[in-house]
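Below: the structure, in C-alpha cells.
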Amino acid sequence: MTPPEHAFAYRPALDGLRAVAVLAVIGYHLGYRQLQGGFVGVDLFFVLSGYLITSLLLVEYRSRGAIQLAQFWLRRAKRLLPALFLVLAAISIWVRAVTPPFELALRKQDLLWTLFYGSNWHLIASAQDYFAQSASVTPVRHTWSLAIEEQFYLVWPLIVFAALRLARGRFRFLAVIAGLGFVGSVLAMAMLFTPVDPSRAYYGTDSRIHQPLFGALLAIVVVSGIPAVLRRMAPALSAASALFLAITFILLNDHRPIYWHGLSSAIAVAAAGVILGLEANPDGVLAKALSRKPLQWIGQISYGLYLWHWPVILAVSSAPLFLQWLPGSTGINLARVALTFAIATASFYLLEQPVRRGRLPLVQSSVPRFVTATVATTAAVAVVILWSTANATDDIAAQDIPGCPATGDMVCVRYEAPRGRPVLAVIGDSIARSLDPAFLILAREHNWTYVLAAKNACRVTHLLTSYEGQVRPFDQQCFETTPRVIRRVLRWKPAAVVAIDRWEIMDFVDADGNVQPRGTPEHIRLTEQALVDVSREIASTGTPIAFIELPPALNPDCGKTLPLSSPACLFRVADDAAQAPYNSILKRLPATVPGTLMLSINKSVCPDGLCAPQVGDLVLRFDGLHFTPAAGAWLAPILWEEMKASNLLSD
C-alpha cells in the first residue's frame, strides 16, 4: 500500500497492481459474490510491501554499506501517519454521534489499539471475527493489516541490517532467515487455524508474516540479479500467476479451511510471480495493462482508499435519492465508492503529499518539527478517542467472561463451593452468558458450585444451524461440540441444569440435508423432538433440567438509532409470533419428559405482557436480546423465586 521511495526507480505497473488489490478488497467488503475471494487483495499488498521495503534496504546497503534506519522510519511515518490520524479522528467523531453506549467501551479499545498499530492482536483478544457479519462490527476492523505491515516495518529493517553486517554484505544469510521465517509462519497459520473462529490464524503477525517474507525473498533475487533462466520464464510465470490470483479473487470462499492449510502461501508465491514478471519484462503485455493511467492513479491513492472504504461502507446505510432507482445494492454501493474516492483523493493531495514533500505549513521539511507534530497529533487523536467514548457502558465487554471462552467445548467453573455442596450447571447460547451475573450471585449466596457451558451462537440441541442459507464454520463446530459439552456437564453430576437458548428458533439443516426454515410446522416438530432428546439425556441421569422461557426480541434499533424510551421499542408478548411456538414447546416438555421444568422471567421482564428495553432507569436488554450486567443482578432474586417454586436447588 506504500509506494517505492526515491532510491528505487518508480514502476507504474506496481501501482497498477496496488489498484487491483485495493479494488478487490473493496468489492469483497461491498458484498459482491463475484469477488468472494477479494480479501486476498490484502495478501497481495503484504507480498508487495515485503518486496519493496526489502528492495529499498538492500539497494541502500549495497550502495552505501549501511542502512540509515532513522531515515527509513521517518519516511514510513510521513507516508502512513497523517492519513491514519485523520481517519481515526473522523471515525471517533462519527462513533460518538451514532454508537449506543453499550458498544462504546469496545470502540474505545478498537480505536486506541489502531492508533498504536496493535489492532490485529486486539481483534484476536476481543474475538472479532473478520469474516463474521455483526451489527456491532468495528469501523477499524480493516486496520489489522496495517498493524502487521507497521510491525514488519519496525522489526525487519533491523534484521536486514544485522544479517548483512554479519554476512559482510552477502544476501545468502538473509535469504535463509527469510526462508525459515516463511516456513515457520505457514506452519503457524495451519496449526493456529480453527474453523469455529479463524481470527487467531488470520490476524496474527506470526501466522501472516510469511507473505511479506516471501516478498523479501523475491527482493533478494531481483536485487542480486534475476537469473537468465528465470528471466526467460518470467512472462509465462507472471501470466499463470495472474490467472491464479484472478481465480482466487472470484472463487475462493472465506469459509474454506484450504486457505489456512497452504493456499495462503500459494497466493504469496503467485503474487511474487506477477511482480517478478513486471520487473523482468517491464514492456510486456501485463506491465503495460497495469501501467495505464487510471490504474496507476488508483494505486497511488490506494492507501487512502483502503483506510476510508470500510468506515464509509458502515456509515452510508442508504442510497441517495438520485440513485435509488438503481436495482439492488447498486445505488448505495455507488455512493459508497464515490465518497471513498472523494475523501481519499482529498487526503492524498491536501495532506499526504504535502507532508511527504515537506510542504506542510509550519512543519515543512524539518525533522524535529515533524517529530514534535507527530507526538502532539498522536496525543490529540487519543484525546478525541477518549472524548468520543466517554459515555461508555460495559454491557458488551461484560459478556467476555475471563477464563470462559465463548466458543469450543470447555466447561468453566465460575464459582467453586466446598466438596459435597450442590452443583448448578448452565447451558445455552450468548443469552445464557449474559445471565452469568445472576447465576454467579445465586451460587455465592447459596454456596453452590456453578459451572457454565454456554457458547455464542450454539444450540442446546444437536441440530445443525443454517444461517442465511449456509452452514458457517462455527455452526458446524457447534454441531460437533454440543454433544461433548452435554457429556462434560453431566460429569459434574449437577443437582440441576438450567438452559436458555434462542438459537433453537433459527433455521437448521435436517438429516436429509434440507434447510428447515424457522416457524414452519416441520421446523417446530423437529425442534421439539431435539429438545425432547436432550432433555431425556440429562434427566435420565437423575438431574432435573429447567428451561428458561425467553421474552420476545425487541427492535434491534433500540439504543442505536432509536432511544430506549421510544414507543417503537415496546413489544407485547401476545404479538410474539417468532418466539411463541418455541416457548410452547418448553411448556409441553415437562409432560413429555419427567424431570424437565420451565422457569419464566417474562412477568418481570415484560410486566403486564408489555416488554420494554428498560424498567424505570434499569436497562434490561441493551440490544433487545442480551441482558445487561445490572439486569443480571436484578434478575437473581427473581430466578431464585422461580427455582424455589419448582423445588429446584431449594435450600
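Lettering and numbering for the C-alpha cells are positional, with chains as A, B, ... in the shown order, residues counted from 1 in each chain, and ligands counted from 1 in the shown order.
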Which residues, written as number ranges by chain, have at least one atom at most 10 Å from Leu597 in chain A, with only C-alpha atoms counted and residues fewer than 3 positions away on the same chain left out? A: 498, 535, 544-548, 586-591, 593-594, 643, 646-648
Which residue is closest to Thr345 in chain A? Choose from A:Ser302, A:Ser584, A:Ser600, A:Ser329 and count only C-alpha atoms.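 Among the listed residues, the smallest separation from Thr345 in chain A belongs to A:Ser302.
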Within 7 Å of range 20-42 of chain A, which residues of range 291-354 of chain A come that close, and what is the closest atom pair and distance in Å for each? Count only C-alpha atoms and give it as JSON lines.
{"residue": "A:Ser302", "atom": "CA", "partner": "A:Val22", "partner_atom": "CA", "distance": 6.2}
{"residue": "A:Tyr306", "atom": "CA", "partner": "A:Val22", "partner_atom": "CA", "distance": 6.4}
{"residue": "A:His309", "atom": "CA", "partner": "A:Ile26", "partner_atom": "CA", "distance": 6.8}
{"residue": "A:Asn333", "atom": "CA", "partner": "A:Leu30", "partner_atom": "CA", "distance": 6.9}
Ile298 in chain A environment, 8 Å, only C-alpha atoms, sequence neighbours closer than 5 positions dropped, as a list in words: Asp15, Gly16, Arg18 and Ala19 of chain A
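Each of A:Leu123, A:Ile385, A:Leu307, A:Cys412 was checked against Ile93 in chain A using only C-alpha atoms; the smallest atom-to-atom distance is that of A:Ile385.
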Please provide as a list in words all residues within 10 Å of Trp113 in chain A, with the sequence filter that same-chain residues fewer than 2 positions apart are discarded (counting only C-alpha atoms). Arg107, Lys108, Gln109, Asp110, Leu111, Leu115, Phe116, Tyr117, Gly118, Ser119, Asn120, Trp121, His122, Leu123, Val140, Thr143, Trp144 and Ala147 of chain A
Of the residues A:Ser430, A:Ser241, A:Thr194, A:Thr449, which is the one nearest to Gln477 in chain A, using only C-alpha atoms? A:Thr194
Please provide the set of residues having any atom within 8 Å of Trp503 in chain A, restricted to only C-alpha atoms, with same-chain residues fewer than 3 positions apart removed, written as a PyMOL selection string. chain A and resi 429+457-459+506
Take the selection from the previous step and output its residues with N, CA and C atoms, as a PDB file, in the first residue's frame.
ATOM      1  N   ASP A 429     -26.739 -20.356  24.955  1.00  0.00           N
ATOM      2  CA  ASP A 429     -26.026 -19.528  23.983  1.00  0.00           C
ATOM      3  C   ASP A 429     -25.558 -18.234  24.647  1.00  0.00           C
ATOM      4  N   ALA A 457     -23.889 -18.382  19.874  1.00  0.00           N
ATOM      5  CA  ALA A 457     -24.496 -18.885  18.631  1.00  0.00           C
ATOM      6  C   ALA A 457     -24.621 -20.400  18.589  1.00  0.00           C
ATOM      7  N   CYS A 458     -24.556 -21.066  19.749  1.00  0.00           N
ATOM      8  CA  CYS A 458     -24.698 -22.523  19.787  1.00  0.00           C
ATOM      9  C   CYS A 458     -26.040 -22.917  20.396  1.00  0.00           C
ATOM     10  N   ARG A 459     -26.598 -24.006  19.886  1.00  0.00           N
ATOM     11  CA  ARG A 459     -27.848 -24.549  20.398  1.00  0.00           C
ATOM     12  C   ARG A 459     -27.589 -25.458  21.594  1.00  0.00           C
ATOM     13  N   MET A 506     -33.755 -20.665  15.049  1.00  0.00           N
ATOM     14  CA  MET A 506     -33.094 -20.400  13.775  1.00  0.00           C
ATOM     15  C   MET A 506     -33.261 -21.576  12.816  1.00  0.00           C
TER      16      MET A 506
END
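Shortest atom-to-atom contact with Ala13 in chain A among A:Lys293, A:Ala90, A:Ala201, A:Ile148: A:Lys293, counting only C-alpha atoms.
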List every residue of range 410-651 of chain A that DSSP, applied to the backbone, labels as alpha helix (DSSP H), and write the result as a ChimeraX atom specification. /A:430-434,436-446,473-490,521-539,580-592,602-605,629-645
Here is a test: counting only C-alpha atoms, which residue of A:Val426, A:Leu490, A:Leu44, A:Ala89 is nearest to Val384 in chain A?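 Closest to Val384 in chain A, using only C-alpha atoms: A:Ala89.
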Residues within 12 Å of Leu360 in chain A, please, as a tab-separated table (two decimals) with C-alpha atoms, in the first residue's frame. Count only C-alpha atoms; anything in the same chain fewer than 5 positions from it doesn't count.
chain	number	residue	atom	x	y	z
A	78	LYS	CA	5.46	10.59	6.85
A	82	PRO	CA	-1.03	11.68	8.59
A	349	TYR	CA	-3.40	15.82	-2.38
A	350	LEU	CA	-4.16	18.07	0.59
A	351	LEU	CA	-2.48	16.15	3.42
A	352	GLU	CA	-0.39	13.12	2.48
A	353	GLN	CA	1.61	14.63	-0.39
A	354	PRO	CA	2.33	17.95	1.35
A	355	VAL	CA	3.65	16.09	4.41
A	365	SER	CA	10.96	19.55	5.91
A	366	SER	CA	12.17	19.98	9.49
A	369	ARG	CA	9.15	19.78	13.86
A	370	PHE	CA	7.72	16.67	12.23
A	373	ALA	CA	3.90	17.42	15.40
Tell me, as a PyMOL selection string, which residues lie within 10 Å of Leu230 in chain A, counting only C-alpha atoms; anything in the same chain fewer than 5 positions away does not count. chain A and resi 221+235+237+276-277+280
Next, the residues of the selection above should be written as a PDB file, in the first residue's frame with N, CA and C atoms.
ATOM      1  N   VAL A 221      16.254 -11.935  -4.765  1.00  0.00           N
ATOM      2  CA  VAL A 221      16.513 -12.464  -6.112  1.00  0.00           C
ATOM      3  C   VAL A 221      16.672 -11.332  -7.117  1.00  0.00           C
ATOM      4  N   PRO A 235       7.680 -14.153 -18.304  1.00  0.00           N
ATOM      5  CA  PRO A 235       6.383 -13.842 -18.927  1.00  0.00           C
ATOM      6  C   PRO A 235       5.339 -14.931 -18.698  1.00  0.00           C
ATOM      7  N   LEU A 237       5.432 -17.240 -16.355  1.00  0.00           N
ATOM      8  CA  LEU A 237       5.190 -17.355 -14.919  1.00  0.00           C
ATOM      9  C   LEU A 237       4.241 -16.269 -14.430  1.00  0.00           C
ATOM     10  N   LEU A 276       7.561 -10.500 -10.237  1.00  0.00           N
ATOM     11  CA  LEU A 276       8.767 -10.883 -10.970  1.00  0.00           C
ATOM     12  C   LEU A 276       8.589 -10.631 -12.457  1.00  0.00           C
ATOM     13  N   GLY A 277       7.435 -10.991 -12.985  1.00  0.00           N
ATOM     14  CA  GLY A 277       7.177 -10.761 -14.403  1.00  0.00           C
ATOM     15  C   GLY A 277       7.205  -9.287 -14.756  1.00  0.00           C
ATOM     16  N   ALA A 280      10.979  -8.239 -14.566  1.00  0.00           N
ATOM     17  CA  ALA A 280      11.820  -8.832 -15.608  1.00  0.00           C
ATOM     18  C   ALA A 280      11.404  -8.396 -17.003  1.00  0.00           C
TER      19      ALA A 280
END
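Each of A:Leu620, A:Met410, A:Leu69, A:Ile250 was checked against Phe102 in chain A using only C-alpha atoms; the smallest atom-to-atom distance is that of A:Leu620.
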DSSP strand (DSSP E) residues within range 489-564 of chain A, as a PDB file with N, CA and C atoms, in the first residue's frame:
ATOM      1  N   ALA A 496     -28.743 -29.623  39.298  1.00  0.00           N
ATOM      2  CA  ALA A 496     -29.710 -29.018  38.384  1.00  0.00           C
ATOM      3  C   ALA A 496     -28.969 -28.452  37.185  1.00  0.00           C
ATOM      4  N   VAL A 497     -29.624 -28.551  36.028  1.00  0.00           N
ATOM      5  CA  VAL A 497     -29.128 -27.919  34.808  1.00  0.00           C
ATOM      6  C   VAL A 497     -30.157 -26.885  34.380  1.00  0.00           C
ATOM      7  N   VAL A 498     -29.704 -25.672  34.115  1.00  0.00           N
ATOM      8  CA  VAL A 498     -30.576 -24.600  33.628  1.00  0.00           C
ATOM      9  C   VAL A 498     -30.148 -24.264  32.211  1.00  0.00           C
ATOM     10  N   ALA A 499     -31.120 -24.151  31.310  1.00  0.00           N
ATOM     11  CA  ALA A 499     -30.826 -23.895  29.892  1.00  0.00           C
ATOM     12  C   ALA A 499     -31.620 -22.695  29.399  1.00  0.00           C
ATOM     13  N   ILE A 500     -30.964 -21.850  28.638  1.00  0.00           N
ATOM     14  CA  ILE A 500     -31.645 -20.771  27.932  1.00  0.00           C
ATOM     15  C   ILE A 500     -30.966 -20.603  26.581  1.00  0.00           C
ATOM     16  N   PHE A 508     -32.344 -24.650  10.393  1.00  0.00           N
ATOM     17  CA  PHE A 508     -31.346 -25.702  10.541  1.00  0.00           C
ATOM     18  C   PHE A 508     -31.411 -26.653   9.355  1.00  0.00           C
ATOM     19  N   VAL A 509     -30.369 -27.475   9.226  1.00  0.00           N
ATOM     20  CA  VAL A 509     -30.297 -28.470   8.156  1.00  0.00           C
ATOM     21  C   VAL A 509     -30.715 -29.815   8.746  1.00  0.00           C
ATOM     22  N   VAL A 515     -32.738 -27.560   4.255  1.00  0.00           N
ATOM     23  CA  VAL A 515     -32.854 -26.457   5.206  1.00  0.00           C
ATOM     24  C   VAL A 515     -34.299 -26.335   5.656  1.00  0.00           C
ATOM     25  N   GLN A 516     -34.497 -26.344   6.967  1.00  0.00           N
ATOM     26  CA  GLN A 516     -35.829 -26.183   7.543  1.00  0.00           C
ATOM     27  C   GLN A 516     -35.977 -24.741   8.027  1.00  0.00           C
ATOM     28  N   ILE A 545     -33.651 -30.748  34.549  1.00  0.00           N
ATOM     29  CA  ILE A 545     -33.250 -29.676  33.641  1.00  0.00           C
ATOM     30  C   ILE A 545     -34.386 -28.678  33.550  1.00  0.00           C
ATOM     31  N   ALA A 546     -34.058 -27.417  33.743  1.00  0.00           N
ATOM     32  CA  ALA A 546     -35.051 -26.340  33.718  1.00  0.00           C
ATOM     33  C   ALA A 546     -34.736 -25.398  32.567  1.00  0.00           C
ATOM     34  N   PHE A 547     -35.686 -25.235  31.637  1.00  0.00           N
ATOM     35  CA  PHE A 547     -35.547 -24.293  30.531  1.00  0.00           C
ATOM     36  C   PHE A 547     -36.157 -22.952  30.946  1.00  0.00           C
ATOM     37  N   ILE A 548     -35.466 -21.869  30.633  1.00  0.00           N
ATOM     38  CA  ILE A 548     -35.986 -20.535  30.928  1.00  0.00           C
ATOM     39  C   ILE A 548     -36.760 -20.037  29.710  1.00  0.00           C
ATOM     40  N   GLU A 549     -38.003 -19.675  29.932  1.00  0.00           N
ATOM     41  CA  GLU A 549     -38.831 -19.139  28.861  1.00  0.00           C
ATOM     42  C   GLU A 549     -38.234 -17.812  28.386  1.00  0.00           C
TER      43      GLU A 549
END
